[in-house]
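Structure below is work02.pdb: PDB, C-alpha atoms.
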MODEL        1
ATOM      1  CA  MET A  40     112.249 101.765 108.145  1.00  0.00           C
ATOM      2  CA  THR A  41     111.447 105.445 107.806  1.00  0.00           C
ATOM      3  CA  TYR A  42     113.672 108.333 106.795  1.00  0.00           C
ATOM      4  CA  GLU A  43     113.734 109.604 110.371  1.00  0.00           C
ATOM      5  CA  GLU A  44     114.746 106.167 111.681  1.00  0.00           C
ATOM      6  CA  LEU A  45     117.617 105.991 109.174  1.00  0.00           C
ATOM      7  CA  LEU A  46     118.744 109.474 110.246  1.00  0.00           C
ATOM      8  CA  ILE A  47     118.714 108.508 113.920  1.00  0.00           C
ATOM      9  CA  GLU A  48     120.518 105.218 113.261  1.00  0.00           C
ATOM     10  CA  HIS A  49     123.257 107.027 111.319  1.00  0.00           C
ATOM     11  CA  ASP A  50     123.591 110.199 113.367  1.00  0.00           C
ATOM     12  CA  SER A  51     127.383 109.875 113.236  1.00  0.00           C
ATOM     13  CA  LEU A  52     127.263 110.648 109.497  1.00  0.00           C
ATOM     14  CA  ASN A  53     126.831 114.151 108.165  1.00  0.00           C
ATOM     15  CA  ILE A  54     123.452 113.888 106.374  1.00  0.00           C
ATOM     16  CA  LEU A  55     122.185 117.092 104.782  1.00  0.00           C
ATOM     17  CA  GLU A  56     119.167 118.022 102.708  1.00  0.00           C
ATOM     18  CA  LEU A  57     120.231 120.316  99.870  1.00  0.00           C
ATOM     19  CA  ASP A  58     119.005 121.607  96.532  1.00  0.00           C
ATOM     20  CA  LEU A  59     120.714 119.133  94.191  1.00  0.00           C
ATOM     21  CA  SER A  60     118.620 120.031  91.138  1.00  0.00           C
ATOM     22  CA  GLU A  61     121.582 121.936  89.693  1.00  0.00           C
ATOM     23  CA  VAL A  62     123.820 118.841  89.953  1.00  0.00           C
ATOM     24  CA  SER A  63     122.588 116.959  86.877  1.00  0.00           C
ATOM     25  CA  GLY A  64     119.386 115.808  88.530  1.00  0.00           C
ATOM     26  CA  LEU A  65     120.976 113.801  91.336  1.00  0.00           C
ATOM     27  CA  LYS A  66     118.664 112.744  94.150  1.00  0.00           C
ATOM     28  CA  GLY A  67     121.495 111.880  96.507  1.00  0.00           C
ATOM     29  CA  LEU A  68     125.249 111.912  96.779  1.00  0.00           C
ATOM     30  CA  TYR A  69     127.710 110.262  99.152  1.00  0.00           C
ATOM     31  CA  TYR A  70     131.209 111.588  99.697  1.00  0.00           C
ATOM     32  CA  ASN A  71     133.668 110.738 102.446  1.00  0.00           C
ATOM     33  CA  GLY A  72     131.221 110.249 105.319  1.00  0.00           C
ATOM     34  CA  SER A  73     128.718 112.869 104.172  1.00  0.00           C
ATOM     35  CA  VAL A  74     125.400 112.348 102.446  1.00  0.00           C
ATOM     36  CA  ALA A  75     123.443 114.961 100.518  1.00  0.00           C
ATOM     37  CA  ILE A  76     119.759 114.320  99.830  1.00  0.00           C
ATOM     38  CA  GLU A  77     117.588 116.363  97.443  1.00  0.00           C
ATOM     39  CA  GLN A  78     115.420 118.475  99.716  1.00  0.00           C
ATOM     40  CA  GLN A  79     112.380 118.549  97.384  1.00  0.00           C
ATOM     41  CA  LEU A  80     111.768 114.785  97.618  1.00  0.00           C
ATOM     42  CA  THR A  81     108.929 113.250  99.618  1.00  0.00           C
ATOM     43  CA  SER A  82     109.781 111.512 102.874  1.00  0.00           C
ATOM     44  CA  VAL A  83     109.400 108.080 101.251  1.00  0.00           C
ATOM     45  CA  GLU A  84     111.637 109.104  98.330  1.00  0.00           C
ATOM     46  CA  LYS A  85     114.237 110.433 100.785  1.00  0.00           C
ATOM     47  CA  THR A  86     114.154 107.094 102.611  1.00  0.00           C
ATOM     48  CA  CYS A  87     114.928 105.182  99.406  1.00  0.00           C
ATOM     49  CA  VAL A  88     117.678 107.580  98.340  1.00  0.00           C
ATOM     50  CA  LEU A  89     119.256 107.607 101.803  1.00  0.00           C
ATOM     51  CA  ALA A  90     119.255 103.792 101.952  1.00  0.00           C
ATOM     52  CA  GLU A  91     121.213 103.661  98.686  1.00  0.00           C
ATOM     53  CA  GLU A  92     123.624 106.390  99.783  1.00  0.00           C
ATOM     54  CA  LEU A  93     124.229 104.479 103.017  1.00  0.00           C
ATOM     55  CA  GLY A  94     124.975 101.508 100.781  1.00  0.00           C
ATOM     56  CA  HIS A  95     127.747 103.604  99.218  1.00  0.00           C
ATOM     57  CA  HIS A  96     129.026 104.422 102.702  1.00  0.00           C
ATOM     58  CA  TYR A  97     129.314 100.715 103.549  1.00  0.00           C
ATOM     59  CA  THR A  98     130.299  99.233 100.175  1.00  0.00           C
ATOM     60  CA  SER A  99     131.909 101.817  97.854  1.00  0.00           C
ATOM     61  CA  VAL A 100     135.463 103.047  97.581  1.00  0.00           C
ATOM     62  CA  GLY A 101     136.609 106.159  95.725  1.00  0.00           C
ATOM     63  CA  ASN A 102     134.846 108.240  93.096  1.00  0.00           C
ATOM     64  CA  ILE A 103     132.442 106.002  91.184  1.00  0.00           C
ATOM     65  CA  LEU A 104     130.526 108.673  89.246  1.00  0.00           C
ATOM     66  CA  ASP A 105     131.825 107.497  85.843  1.00  0.00           C
ATOM     67  CA  MET A 106     129.467 104.657  84.899  1.00  0.00           C
ATOM     68  CA  ASP A 107     131.545 103.844  81.813  1.00  0.00           C
ATOM     69  CA  ILE A 108     133.935 102.048  84.163  1.00  0.00           C
ATOM     70  CA  SER A 109     132.891  98.473  84.931  1.00  0.00           C
ATOM     71  CA  ALA A 110     134.200  98.524  88.515  1.00  0.00           C
ATOM     72  CA  ASN A 111     132.110 101.625  89.233  1.00  0.00           C
ATOM     73  CA  ARG A 112     128.957  99.971  87.886  1.00  0.00           C
ATOM     74  CA  LYS A 113     129.610  96.991  90.156  1.00  0.00           C
ATOM     75  CA  GLN A 114     130.011  99.259  93.186  1.00  0.00           C
ATOM     76  CA  GLU A 115     126.805 101.091  92.256  1.00  0.00           C
ATOM     77  CA  ARG A 116     124.946  97.770  92.058  1.00  0.00           C
ATOM     78  CA  GLN A 117     126.329  96.709  95.459  1.00  0.00           C
ATOM     79  CA  ALA A 118     125.208  99.993  97.037  1.00  0.00           C
ATOM     80  CA  ARG A 119     121.732  99.614  95.564  1.00  0.00           C
ATOM     81  CA  LEU A 120     121.509  95.995  96.698  1.00  0.00           C
ATOM     82  CA  HIS A 121     122.472  97.138 100.200  1.00  0.00           C
ATOM     83  CA  GLY A 122     119.624  99.662 100.115  1.00  0.00           C
ATOM     84  CA  TYR A 123     117.121  97.102  98.790  1.00  0.00           C
ATOM     85  CA  ASN A 124     118.080  94.606 101.466  1.00  0.00           C
ATOM     86  CA  ARG A 125     117.879  97.236 104.179  1.00  0.00           C
ATOM     87  CA  LEU A 126     114.433  98.584 103.266  1.00  0.00           C
ATOM     88  CA  ILE A 127     112.768  95.566 101.653  1.00  0.00           C
ATOM     89  CA  GLY A 128     114.684  92.300 101.729  1.00  0.00           C
ATOM     90  CA  LEU A 129     113.225  88.881 101.118  1.00  0.00           C
ATOM     91  CA  THR A 130     111.643  88.884 104.571  1.00  0.00           C
ATOM     92  CA  GLY A 131     109.969  92.213 103.802  1.00  0.00           C
ATOM     93  CA  LEU A 132     108.341  90.682 100.735  1.00  0.00           C
ATOM     94  CA  ILE A 133     107.109  87.837 102.924  1.00  0.00           C
ATOM     95  CA  ARG A 134     105.811  90.265 105.586  1.00  0.00           C
ATOM     96  CA  ALA A 135     103.908  92.173 102.883  1.00  0.00           C
ATOM     97  CA  TYR A 136     102.363  88.917 101.665  1.00  0.00           C
ATOM     98  CA  GLU A 137     101.377  87.935 105.214  1.00  0.00           C
ATOM     99  CA  HIS A 138      99.916  91.409 105.717  1.00  0.00           C
ATOM    100  CA  GLY A 139      97.629  90.775 102.743  1.00  0.00           C
ATOM    101  CA  CYS A 140      99.259  92.964 100.111  1.00  0.00           C
ATOM    102  CA  THR A 141      98.041  91.806  96.700  1.00  0.00           C
ATOM    103  CA  ASN A 142      99.872  94.111  94.298  1.00  0.00           C
ATOM    104  CA  ARG A 143     103.019  96.184  93.964  1.00  0.00           C
ATOM    105  CA  TYR A 144     101.321  99.408  95.009  1.00  0.00           C
ATOM    106  CA  GLU A 145     100.108  97.878  98.282  1.00  0.00           C
ATOM    107  CA  THR A 146     103.466  96.190  98.845  1.00  0.00           C
ATOM    108  CA  ALA A 147     105.387  99.448  98.312  1.00  0.00           C
ATOM    109  CA  GLU A 148     103.017 101.331 100.595  1.00  0.00           C
ATOM    110  CA  TYR A 149     103.280  98.666 103.315  1.00  0.00           C
ATOM    111  CA  LEU A 150     107.089  98.625 103.113  1.00  0.00           C
ATOM    112  CA  GLU A 151     107.192 102.443 102.980  1.00  0.00           C
ATOM    113  CA  VAL A 152     109.182 102.592  99.738  1.00  0.00           C
ATOM    114  CA  THR A 153     108.382 104.018  96.327  1.00  0.00           C
ATOM    115  CA  GLU A 154     106.948 101.754  93.656  1.00  0.00           C
ATOM    116  CA  GLU A 155     110.014 102.531  91.529  1.00  0.00           C
ATOM    117  CA  PHE A 156     112.352 101.414  94.344  1.00  0.00           C
ATOM    118  CA  LEU A 157     110.324  98.206  94.769  1.00  0.00           C
ATOM    119  CA  GLU A 158     110.418  97.537  91.000  1.00  0.00           C
ATOM    120  CA  GLU A 159     114.183  98.042  90.917  1.00  0.00           C
ATOM    121  CA  CYS A 160     114.571  95.769  93.944  1.00  0.00           C
ATOM    122  CA  ILE A 161     112.551  92.996  92.315  1.00  0.00           C
ATOM    123  CA  SER A 162     114.587  93.355  89.120  1.00  0.00           C
ATOM    124  CA  CYS A 163     117.819  93.136  91.123  1.00  0.00           C
ATOM    125  CA  TYR A 164     116.588  90.074  93.013  1.00  0.00           C
ATOM    126  CA  ARG A 165     115.520  88.499  89.705  1.00  0.00           C
ATOM    127  CA  GLU A 166     119.069  88.932  88.413  1.00  0.00           C
ATOM    128  CA  LYS A 167     120.547  87.585  91.649  1.00  0.00           C
ATOM    129  CA  TYR A 168     118.206  84.654  92.388  1.00  0.00           C
ATOM    130  CA  GLY A 169     116.633  83.796  89.031  1.00  0.00           C
ATOM    131  CA  VAL A 170     113.031  82.593  88.786  1.00  0.00           C
ATOM    132  CA  TYR A 171     112.422  82.107  92.507  1.00  0.00           C
ATOM    133  CA  LYS A 172     113.965  81.938  95.953  1.00  0.00           C
ATOM    134  CA  ILE A 173     112.893  79.702  98.834  1.00  0.00           C
ATOM    135  CA  VAL A 174     113.004  81.320 102.276  1.00  0.00           C
ATOM    136  CA  ASP A 175     111.895  79.128 105.160  1.00  0.00           C
ATOM    137  CA  ASN A 176     108.360  77.979 104.272  1.00  0.00           C
ATOM    138  CA  TYR A 177     107.865  80.528 101.486  1.00  0.00           C
ATOM    139  CA  ILE A 178     108.575  80.619  97.783  1.00  0.00           C
ATOM    140  CA  ILE A 179     109.161  84.072  96.326  1.00  0.00           C
ATOM    141  CA  TYR A 180     108.753  84.164  92.535  1.00  0.00           C
ATOM    142  CA  PHE A 181     110.403  86.959  90.571  1.00  0.00           C
ATOM    143  CA  ILE A 182     109.440  85.732  87.093  1.00  0.00           C
ATOM    144  CA  PRO A 183     107.092  86.492  85.422  1.00  0.00           C
ATOM    145  CA  ASN A 184     105.904  88.775  88.250  1.00  0.00           C
ATOM    146  CA  LEU A 185     106.431  89.079  91.965  1.00  0.00           C
ATOM    147  CA  ALA A 186     104.462  86.425  93.820  1.00  0.00           C
ATOM    148  CA  VAL A 187     104.848  84.930  97.293  1.00  0.00           C
ATOM    149  CA  PHE A 188     103.414  81.577  98.327  1.00  0.00           C
ATOM    150  CA  LYS A 189     103.492  79.771 101.636  1.00  0.00           C
ATOM    151  CA  ARG A 190     104.557  76.136 101.312  1.00  0.00           C
ATOM    152  CA  ILE A 191     102.482  73.534 103.065  1.00  0.00           C
TER     153      ILE A 191
ENDMDL
END
Give the structure from this file in structure tokens form.
Amino acid sequence: MTYEELLIEHDSLNILELDLSEVSGLKGLYYNGSVAIEQQLTSVEKTCVLAEELGHHYTSVGNILDMDISANRKQERQARLHGYNRLIGLTGLIRAYEHGCTNRYETAEYLEVTEEFLEECISCYREKYGVYKIVDNYIIYFIPNLAVFKRI
């Protein structure tokens, strides 16, 4: 899903591109139905940031900026997981495999996400699912590295 598609799908939200460089290096910020995205990011970076900020819209409650608070860290993780599932998901990893992607760079490019976003997604899935996850006729390995195999 592209940045433009996310914007169209969420046109009821107030989504703005602003210069956030003065706000302690934030790439995005969600507050009460409004999303701010750093305007200097590439389109692919904006897509990844917007997906996470939409995760905050759907999963977060209150001000969660203080990461010293355990409940805030949990809400941050939920928002990120929402973004990973929306842009990548287990089926996206399978689609990339079926498309012939053989490494993380190709997979990120195919899924139209940054390599960093893909790495963070895989790490999150590793924490959630462990060594591997079976989806239909596929086995997705997260340890030691991302690998997808079709079961016979």
For the structure shown, which residues end up in the PyMOL selection byres ((chain A and resi 129) around 9)? Put them as an NGL selection string, please? :A and (124 or 127-128 or 130-134 or 164 or 172 or 174 or 179)
Using the chain letters and residue numbers of this document, give as a PDB file with C-alpha atoms, in the frame of the given file the residues selected by the PyMOL selection byres ((chain A and resi 62-79) around 8).
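Written file, part04.pdb:
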ATOM      1  CA  LEU A  52     127.263 110.648 109.497  1.00  0.00           C
ATOM      2  CA  ASN A  53     126.831 114.151 108.165  1.00  0.00           C
ATOM      3  CA  ILE A  54     123.452 113.888 106.374  1.00  0.00           C
ATOM      4  CA  LEU A  55     122.185 117.092 104.782  1.00  0.00           C
ATOM      5  CA  GLU A  56     119.167 118.022 102.708  1.00  0.00           C
ATOM      6  CA  LEU A  57     120.231 120.316  99.870  1.00  0.00           C
ATOM      7  CA  ASP A  58     119.005 121.607  96.532  1.00  0.00           C
ATOM      8  CA  LEU A  59     120.714 119.133  94.191  1.00  0.00           C
ATOM      9  CA  SER A  60     118.620 120.031  91.138  1.00  0.00           C
ATOM     10  CA  GLU A  61     121.582 121.936  89.693  1.00  0.00           C
ATOM     11  CA  LEU A  80     111.768 114.785  97.618  1.00  0.00           C
ATOM     12  CA  THR A  81     108.929 113.250  99.618  1.00  0.00           C
ATOM     13  CA  LYS A  85     114.237 110.433 100.785  1.00  0.00           C
ATOM     14  CA  VAL A  88     117.678 107.580  98.340  1.00  0.00           C
ATOM     15  CA  LEU A  89     119.256 107.607 101.803  1.00  0.00           C
ATOM     16  CA  GLU A  92     123.624 106.390  99.783  1.00  0.00           C
ATOM     17  CA  LEU A  93     124.229 104.479 103.017  1.00  0.00           C
ATOM     18  CA  HIS A  95     127.747 103.604  99.218  1.00  0.00           C
ATOM     19  CA  HIS A  96     129.026 104.422 102.702  1.00  0.00           C
TER      20      HIS A  96
END
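Candidate residues A:Ala118, A:Ala135, A:Tyr180, A:Lys167 were compared for distance to Leu150 (chain A), and the nearest is A:Ala135, using only C-alpha atoms.
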For the structure provided, state which residues fall under the PyMOL selection byres ((chain A and resi 153-163) around 7), and present them as an mmCIF file with C-alpha atoms, in the frame of the given file.
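Written file, result-v2.cif:
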data_model
loop_
_atom_site.group_PDB
_atom_site.id
_atom_site.type_symbol
_atom_site.label_atom_id
_atom_site.label_comp_id
_atom_site.auth_asym_id
_atom_site.auth_seq_id
_atom_site.Cartn_x
_atom_site.Cartn_y
_atom_site.Cartn_z
ATOM 1 C CA VAL A 83 109.400 108.080 101.251
ATOM 2 C CA GLU A 84 111.637 109.104 98.330
ATOM 3 C CA CYS A 87 114.928 105.182 99.406
ATOM 4 C CA TYR A 123 117.121 97.102 98.790
ATOM 5 C CA ARG A 143 103.019 96.184 93.964
ATOM 6 C CA TYR A 144 101.321 99.408 95.009
ATOM 7 C CA ALA A 147 105.387 99.448 98.312
ATOM 8 C CA GLU A 151 107.192 102.443 102.980
ATOM 9 C CA VAL A 152 109.182 102.592 99.738
ATOM 10 C CA TYR A 164 116.588 90.074 93.013
ATOM 11 C CA ARG A 165 115.520 88.499 89.705
ATOM 12 C CA GLU A 166 119.069 88.932 88.413
ATOM 13 C CA LYS A 167 120.547 87.585 91.649
ATOM 14 C CA PHE A 181 110.403 86.959 90.571
#
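Distance annotation: of A:Leu104, A:Asp175, A:Ser99, A:Ala186, the residue with the minimal separation from Thr146 (chain A) is A:Ala186; atom set is all atoms listed in the file.
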Expressed in Å, the length from CA of Arg116 (chain A) to CA of Gly94 (chain A) is 9.5 Å
